[in-house]
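Enquirer: Just dropping this structure here.
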Amino acid sequence: MLKISNLKLKSNLILAPMAGITDLPFRMLCRKFGAELAFVEMINCRSISHKSRKTRHMLSTLAEDKPLGVQILGCEEKYILKALDVLRTYEFDIMDFNAACPAKKVVRRGEGAALLKEPKKLNKLLKLVVRNSKIPVTVKMRLGWDKDSINAREVALYAQDAGVSGVFIHGRTKIQEYGGNVDYELIAKVKKALSIPVIASGDVFSAKLAKKMLSETNCDALVIARGSFGNPWIFKEIKEFLKTGKVIARPARAKVIKIMLEHLDASIAFYEERNGVILFRKFFGWYTKGIRNIRPLREKSSRAKTREEMVGLIELLRGNLNKWIRNNQQ
Ligand SMILES: Cc1cc2nc3c(=O)[nH]c(=O)nc-3n(C[C@H](O)[C@H](O)[C@H](O)COP(=O)(O)O)c2cc1C
């Protein structure tokens, strides 16, 4: 259904690379609901080259966690080459180069979205990555630095020229970060200009918005990011809606609770109890979005440190809380 160089994907629904989110437990959960391709959390080339325990843990995977991409961040050739050396010992299916991250500490170093200001430098770095990688290379970019310097078409053409096999484009500028509207028209212009697959990102919060992104941009595939928070079944909803035009119901409360418990246990298995519970806290907040009077439980969840405490809070959701509100269907 989607081909990125020699990588054949069964569907065009992709879980976005997200720092602090797309760890092994979350990837496996999203795959269960139909995410076809997933990425590990973005990793800086310097960190990869240092091979720290934390980085190796972030890069760890399972046989079923496939197809899997890695996303690298960097702007210094020396560290990029070192990172590629390390990554060659792993079995990733695709490598994405980040030219989109708007975080201050990233752009200050000339990495991530800062590279949008230097398309020629980006072109050179991408050529280096493509030359030294055995797996398909893609780039993740934004529309430009700010609304007065939109250069997505130019950057994407430079990337294509460098030999990348696909372009991921978040339809916002660096200055917009994650706010304001996604510009479908500009994504469509990039798609029209390129001969390689263009994968669109931005505000895919529902099946209807997924369809809108596909039809307004003519893109080849979709990246789901915040739409998956507390909502990993969004992949199933989108798949079904694109196939039949029907909006399927959100899982019943008992099912959501089961998913939460599975997610919590996977997090504990991956990080051990204390860290697994702490990292699950934010997911508790997302899973319970839209429940009336949830605040006291959320506050308790933000202090939970043991499995027993967190399970106790999840189990309370079976009680007499007011109705779940169907979230995010726009
Ligand atoms: C918490 C968070 C972390 C993110 N981390 C990354 C990242 O590491 N690499 C990346 O390319 N994009 C990252 N993104 C951007 C998403 O991949 C996506 O392009 C963006 O959120 C727009 O999609 P959305 O509007 O559907 O959320 C991140 C987004 C969020 C919300």
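Order determines the names: the first chain of the structure tokens is A, the second B, and so forth; residues in each chain are numbered 1 upward, and ligands are numbered 1 upward as they are shown.
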Taking the chain letters and numbering used in this document, name the residues of range 37-151 of chain A that DSSP puts in helix (DSSP H, G or I), as a ChimeraX atom specification.
Expert: /A:45-50,53-59,77-87,104-107,112-117,119-131,147-149
Enquirer: Output the selection as a CSV table (one decimal), in the first residue's frame - N, CA and C atoms for each residue.
Expert:
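See again.csv below for the written result:
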chain,number,residue,atom,x,y,z
A,45,CYS,N,22.5,12.4,17.8
A,45,CYS,CA,23.7,11.6,17.3
A,45,CYS,C,24.8,11.5,18.3
A,46,ARG,N,25.0,12.6,19.0
A,46,ARG,CA,26.1,12.6,20.1
A,46,ARG,C,25.7,11.5,21.1
A,47,SER,N,24.5,11.5,21.5
A,47,SER,CA,24.1,10.4,22.5
A,47,SER,C,24.3,9.0,22.0
A,48,ILE,N,23.9,8.9,20.7
A,48,ILE,CA,24.0,7.5,20.1
A,48,ILE,C,25.5,7.1,20.1
A,49,SER,N,26.3,8.1,19.7
A,49,SER,CA,27.7,7.7,19.6
A,49,SER,C,28.4,7.4,20.9
A,50,HIS,N,27.8,8.0,22.0
A,50,HIS,CA,28.3,7.6,23.4
A,50,HIS,C,27.8,6.3,23.9
A,53,ARG,N,23.8,3.7,28.5
A,53,ARG,CA,22.9,2.7,28.9
A,53,ARG,C,21.5,3.2,28.5
A,54,LYS,N,21.2,4.5,28.8
A,54,LYS,CA,19.9,5.1,28.6
A,54,LYS,C,19.6,5.0,27.1
A,55,THR,N,20.6,5.4,26.3
A,55,THR,CA,20.3,5.4,24.8
A,55,THR,C,20.1,3.9,24.3
A,56,ARG,N,20.9,3.0,24.8
A,56,ARG,CA,20.7,1.6,24.3
A,56,ARG,C,19.3,1.1,24.7
A,57,HIS,N,18.9,1.6,25.9
A,57,HIS,CA,17.5,1.1,26.3
A,57,HIS,C,16.5,1.7,25.4
A,58,MET,N,16.7,3.0,25.1
A,58,MET,CA,15.7,3.7,24.1
A,58,MET,C,15.6,3.0,22.8
A,59,LEU,N,16.8,2.4,22.4
A,59,LEU,CA,16.8,1.8,21.1
A,59,LEU,C,16.4,0.3,21.1
A,77,GLU,N,28.9,16.6,11.2
A,77,GLU,CA,29.1,15.4,10.4
A,77,GLU,C,29.8,14.3,11.3
A,78,LYS,N,30.8,14.7,12.1
A,78,LYS,CA,31.5,13.7,12.9
A,78,LYS,C,30.6,12.9,13.7
A,79,TYR,N,29.7,13.5,14.4
A,79,TYR,CA,28.8,12.7,15.3
A,79,TYR,C,27.7,11.9,14.5
A,80,ILE,N,27.3,12.5,13.4
A,80,ILE,CA,26.4,11.8,12.5
A,80,ILE,C,27.0,10.5,12.1
A,81,LEU,N,28.2,10.6,11.6
A,81,LEU,CA,28.9,9.4,11.1
A,81,LEU,C,29.1,8.3,12.3
A,82,LYS,N,29.5,8.8,13.4
A,82,LYS,CA,29.6,7.9,14.6
A,82,LYS,C,28.3,7.3,14.9
A,83,ALA,N,27.2,8.0,14.9
A,83,ALA,CA,25.9,7.5,15.2
A,83,ALA,C,25.5,6.4,14.2
A,84,LEU,N,25.8,6.7,12.9
A,84,LEU,CA,25.4,5.7,11.9
A,84,LEU,C,26.2,4.4,12.1
A,85,ASP,N,27.5,4.6,12.5
A,85,ASP,CA,28.2,3.3,12.8
A,85,ASP,C,27.6,2.5,13.9
A,86,VAL,N,27.1,3.2,14.9
A,86,VAL,CA,26.5,2.4,16.0
A,86,VAL,C,25.2,1.8,15.5
A,87,LEU,N,24.4,2.6,14.8
A,87,LEU,CA,23.1,2.2,14.3
A,87,LEU,C,23.1,1.0,13.4
A,104,LYS,N,14.0,24.8,22.1
A,104,LYS,CA,15.0,25.8,22.2
A,104,LYS,C,16.4,25.2,22.2
A,105,LYS,N,16.6,24.2,23.1
A,105,LYS,CA,17.9,23.7,23.3
A,105,LYS,C,18.4,22.9,22.0
A,106,VAL,N,17.5,22.5,21.1
A,106,VAL,CA,17.8,21.9,19.9
A,106,VAL,C,18.2,22.9,18.8
A,107,VAL,N,17.4,23.9,18.6
A,107,VAL,CA,17.6,24.9,17.5
A,107,VAL,C,18.9,25.7,17.9
A,112,GLY,N,17.7,20.2,14.3
A,112,GLY,CA,16.2,20.2,14.2
A,112,GLY,C,15.8,21.3,13.2
A,113,ALA,N,14.7,22.0,13.6
A,113,ALA,CA,14.1,23.0,12.8
A,113,ALA,C,15.1,24.1,12.3
A,114,ALA,N,16.2,24.3,13.1
A,114,ALA,CA,17.2,25.3,12.7
A,114,ALA,C,17.7,25.0,11.3
A,115,LEU,N,17.7,23.8,10.9
A,115,LEU,CA,18.2,23.4,9.5
A,115,LEU,C,17.3,23.9,8.4
A,116,LEU,N,16.1,24.2,8.8
A,116,LEU,CA,15.2,24.8,7.7
A,116,LEU,C,15.7,26.1,7.2
A,117,LYS,N,16.5,26.7,8.0
A,117,LYS,CA,17.1,28.0,7.6
A,117,LYS,C,18.3,27.8,6.7
A,119,PRO,N,18.9,25.2,3.9
A,119,PRO,CA,18.6,24.1,3.1
A,119,PRO,C,19.8,23.4,2.4
A,120,LYS,N,20.8,24.3,2.1
A,120,LYS,CA,22.0,23.7,1.5
A,120,LYS,C,22.8,22.8,2.5
A,121,LYS,N,22.9,23.3,3.7
A,121,LYS,CA,23.6,22.5,4.7
A,121,LYS,C,22.8,21.2,5.0
A,122,LEU,N,21.4,21.3,5.0
A,122,LEU,CA,20.6,20.1,5.2
A,122,LEU,C,20.8,19.1,4.1
A,123,ASN,N,20.9,19.7,2.9
A,123,ASN,CA,21.1,18.8,1.7
A,123,ASN,C,22.5,18.0,1.9
A,124,LYS,N,23.5,18.7,2.4
A,124,LYS,CA,24.8,18.1,2.5
A,124,LYS,C,24.7,17.0,3.6
A,125,LEU,N,24.1,17.3,4.7
A,125,LEU,CA,24.0,16.4,5.8
A,125,LEU,C,23.2,15.1,5.4
A,126,LEU,N,22.1,15.4,4.6
A,126,LEU,CA,21.3,14.3,4.2
A,126,LEU,C,22.0,13.4,3.2
A,127,LYS,N,22.8,14.0,2.3
A,127,LYS,CA,23.7,13.2,1.4
A,127,LYS,C,24.6,12.3,2.2
A,128,LEU,N,25.2,12.9,3.3
A,128,LEU,CA,26.1,12.1,4.1
A,128,LEU,C,25.3,10.9,4.7
A,129,VAL,N,24.1,11.2,5.2
A,129,VAL,CA,23.4,10.1,5.9
A,129,VAL,C,23.0,9.0,4.8
A,130,VAL,N,22.5,9.5,3.7
A,130,VAL,CA,22.1,8.5,2.6
A,130,VAL,C,23.3,7.7,2.2
A,131,ARG,N,24.4,8.3,2.0
A,131,ARG,CA,25.6,7.6,1.5
A,131,ARG,C,26.0,6.5,2.6
A,147,LYS,N,6.2,32.4,9.4
A,147,LYS,CA,5.3,32.6,8.3
A,147,LYS,C,5.9,33.5,7.2
A,148,ASP,N,7.0,34.2,7.6
A,148,ASP,CA,7.6,35.1,6.6
A,148,ASP,C,8.8,34.4,5.9
A,149,SER,N,9.0,33.2,6.3
A,149,SER,CA,10.2,32.5,5.6
A,149,SER,C,9.8,31.0,5.3
Enquirer: Could you list, as an mmCIF file with N, CA and C atoms, in the first residue's frame, every residue within 12 Å of Ala193 in chain A, counting only C-alpha atoms and ignoring same-chain residues fewer than 6 positions away?
Expert:
data_model
loop_
_atom_site.group_PDB
_atom_site.id
_atom_site.type_symbol
_atom_site.label_atom_id
_atom_site.label_comp_id
_atom_site.auth_asym_id
_atom_site.auth_seq_id
_atom_site.Cartn_x
_atom_site.Cartn_y
_atom_site.Cartn_z
ATOM 1 N N ALA A 152 9.117 25.378 2.494
ATOM 2 C CA ALA A 152 8.957 23.918 2.529
ATOM 3 C C ALA A 152 9.257 23.275 1.184
ATOM 4 N N ARG A 153 8.791 23.908 0.106
ATOM 5 C CA ARG A 153 8.983 23.309 -1.218
ATOM 6 C C ARG A 153 10.476 23.226 -1.544
ATOM 7 N N GLU A 154 11.177 24.326 -1.254
ATOM 8 C CA GLU A 154 12.615 24.380 -1.531
ATOM 9 C C GLU A 154 13.369 23.333 -0.669
ATOM 10 N N VAL A 155 13.055 23.307 0.621
ATOM 11 C CA VAL A 155 13.736 22.366 1.522
ATOM 12 C C VAL A 155 13.466 20.922 1.075
ATOM 13 N N ALA A 156 12.210 20.653 0.728
ATOM 14 C CA ALA A 156 11.843 19.291 0.325
ATOM 15 C C ALA A 156 12.560 18.904 -0.973
ATOM 16 N N LEU A 157 12.691 19.860 -1.899
ATOM 17 C CA LEU A 157 13.385 19.548 -3.153
ATOM 18 C C LEU A 157 14.877 19.303 -2.896
ATOM 19 N N TYR A 158 15.452 20.076 -1.993
ATOM 20 C CA TYR A 158 16.855 19.836 -1.616
ATOM 21 C C TYR A 158 17.004 18.443 -0.993
ATOM 22 N N ALA A 159 16.030 18.069 -0.184
ATOM 23 C CA ALA A 159 16.082 16.750 0.472
ATOM 24 C C ALA A 159 15.980 15.645 -0.580
ATOM 25 N N GLN A 160 15.064 15.825 -1.511
ATOM 26 C CA GLN A 160 14.903 14.819 -2.568
ATOM 27 C C GLN A 160 16.193 14.707 -3.377
ATOM 28 N N ASP A 161 16.781 15.849 -3.648
ATOM 29 C CA ASP A 161 18.041 15.871 -4.395
ATOM 30 C C ASP A 161 19.143 15.113 -3.641
ATOM 31 N N VAL A 167 9.575 12.146 2.467
ATOM 32 C CA VAL A 167 9.591 13.373 3.268
ATOM 33 C C VAL A 167 8.392 13.358 4.217
ATOM 34 N N LEU A 186 -0.082 24.163 1.785
ATOM 35 C CA LEU A 186 1.382 24.121 1.623
ATOM 36 C C LEU A 186 1.901 22.688 1.585
ATOM 37 N N ILE A 187 1.256 21.804 2.347
ATOM 38 C CA ILE A 187 1.659 20.384 2.261
ATOM 39 C C ILE A 187 1.364 19.875 0.838
ATOM 40 N N THR A 217 -4.420 17.235 0.846
ATOM 41 C CA THR A 217 -2.989 17.359 0.523
ATOM 42 C C THR A 217 -2.548 16.359 -0.545
ATOM 43 N N ASN A 218 -3.381 15.326 -0.759
ATOM 44 C CA ASN A 218 -3.013 14.257 -1.685
ATOM 45 C C ASN A 218 -1.744 13.509 -1.228
ATOM 46 N N CYS A 219 -1.461 13.585 0.064
ATOM 47 C CA CYS A 219 -0.245 12.960 0.586
ATOM 48 C C CYS A 219 -0.358 11.433 0.519
#
Enquirer: Give me the residues near range 197-204 of chain A as a VMD selection string, where near means some atom within 6 Å (using only C-alpha atoms) and where sequence neighbours in that chain fewer than 5 positions away do not count.
Expert: chain A and resid 166 to 171 182 191 209 to 210 219 to 224 227
Enquirer: Can I get the selected residues back with C-alpha atoms, as a short mmCIF file (atom, residue, chain, number, x, y, z; two decimals), in the first residue's frame?
Expert:
data_model
loop_
_atom_site.label_atom_id
_atom_site.label_comp_id
_atom_site.auth_asym_id
_atom_site.auth_seq_id
_atom_site.Cartn_x
_atom_site.Cartn_y
_atom_site.Cartn_z
CA GLY A 166 10.50 10.12 1.59
CA VAL A 167 9.59 13.37 3.27
CA PHE A 168 7.63 13.69 6.49
CA ILE A 169 6.14 17.14 6.73
CA HIS A 170 4.49 18.74 9.75
CA GLY A 171 2.22 21.44 8.34
CA VAL A 182 -2.05 23.19 9.96
CA LYS A 191 3.50 16.77 -2.49
CA LEU A 209 -9.38 14.86 10.16
CA ALA A 210 -7.31 12.00 8.77
CA CYS A 219 -0.25 12.96 0.59
CA ASP A 220 0.81 9.32 0.50
CA ALA A 221 0.52 8.57 4.20
CA LEU A 222 -0.35 10.04 7.57
CA VAL A 223 1.55 10.55 10.76
CA ILE A 224 -0.48 10.31 13.94
CA GLY A 227 -4.16 12.11 18.35
#
Enquirer: Any chance you could tabulate, as CSV, the residues of range 170-278 of chain A at most 9 Å from range 32-35 of chain A with each one's nearest atom pair and distance in Å to one decimal, using only C-alpha atoms, in chain and rising number order?
Expert:
residue,atom,partner,partner_atom,distance
A:Ile224,CA,A:Ala35,CA,8.8
A:Pro232,CA,A:Phe33,CA,6.7
A:Trp233,CA,A:Phe33,CA,5.2
A:Ile234,CA,A:Phe33,CA,7.5
A:Phe235,CA,A:Gly34,CA,5.3
A:Lys236,CA,A:Phe33,CA,5.3
A:Glu237,CA,A:Phe33,CA,8.8
A:Lys239,CA,A:Gly34,CA,7.8
Enquirer: Write to file, as a short mmCIF file (atom, residue, chain, number, x, y, z; two decimals), in the first residue's frame, the residues of the selection just made, with N, CA and C atoms.
Expert:
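Everything below was put into result-v1.cif:
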data_model
loop_
_atom_site.label_atom_id
_atom_site.label_comp_id
_atom_site.auth_asym_id
_atom_site.auth_seq_id
_atom_site.Cartn_x
_atom_site.Cartn_y
_atom_site.Cartn_z
N ILE A 224 0.40 10.01 12.81
CA ILE A 224 -0.48 10.31 13.94
C ILE A 224 0.39 10.58 15.16
N PRO A 232 -5.04 5.21 21.68
CA PRO A 232 -4.25 4.44 20.71
C PRO A 232 -5.10 3.74 19.67
N TRP A 233 -6.41 3.62 19.95
CA TRP A 233 -7.31 2.97 19.00
C TRP A 233 -7.64 3.89 17.82
N ILE A 234 -7.09 5.09 17.81
CA ILE A 234 -7.34 6.02 16.69
C ILE A 234 -6.94 5.39 15.35
N PHE A 235 -5.92 4.52 15.39
CA PHE A 235 -5.49 3.90 14.14
C PHE A 235 -6.62 3.04 13.56
N LYS A 236 -7.29 2.33 14.44
CA LYS A 236 -8.40 1.46 14.02
C LYS A 236 -9.56 2.33 13.50
N GLU A 237 -9.82 3.42 14.22
CA GLU A 237 -10.91 4.32 13.82
C GLU A 237 -10.66 4.89 12.42
N LYS A 239 -8.64 3.67 10.05
CA LYS A 239 -8.67 2.59 9.06
C LYS A 239 -10.11 2.29 8.64
#
Enquirer: Going by DSSP on the backbone, which bits of range 91-237 of chain A are strand (DSSP E)? Write them as a ChimeraX atom specification, please.
Expert: /A:94-99,137-142,166-170,198-201,221-224
Enquirer: Hey, what's within 12 Å of Ile259 in chain A if we count only C-alpha atoms and toss same-chain stuff fewer than 6 positions away? As a ChimeraX atom specification, please?
Expert: /A:25-26,28-30,32-33,230-233,251-253,265-266,283-284,287,311,314
Enquirer: Measuring between only C-alpha atoms and all ligand atoms, which one of A:Gly110, A:Gly74, A:Gly179, A:Gly319 shows the shortest distance to ligand 1?
Expert: A:Gly179
Enquirer: For CA of Tyr90 in chain A and CA of Leu7 in chain A, quote the distance in Å rounded to one decimal.
Expert: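 Atom-to-atom, CA of Tyr90 in chain A and CA of Leu7 in chain A are spaced 16.3 Å apart.
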Enquirer: When you draw a straight line from CA of Leu313 in chain A to atom 26 (O, counted along the ligand's line) of ligand 1, how long is it in Å?
Expert: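 Separation of CA of Leu313 in chain A and atom 26 (O, counted along the ligand's line) of ligand 1: 28.4 Å.
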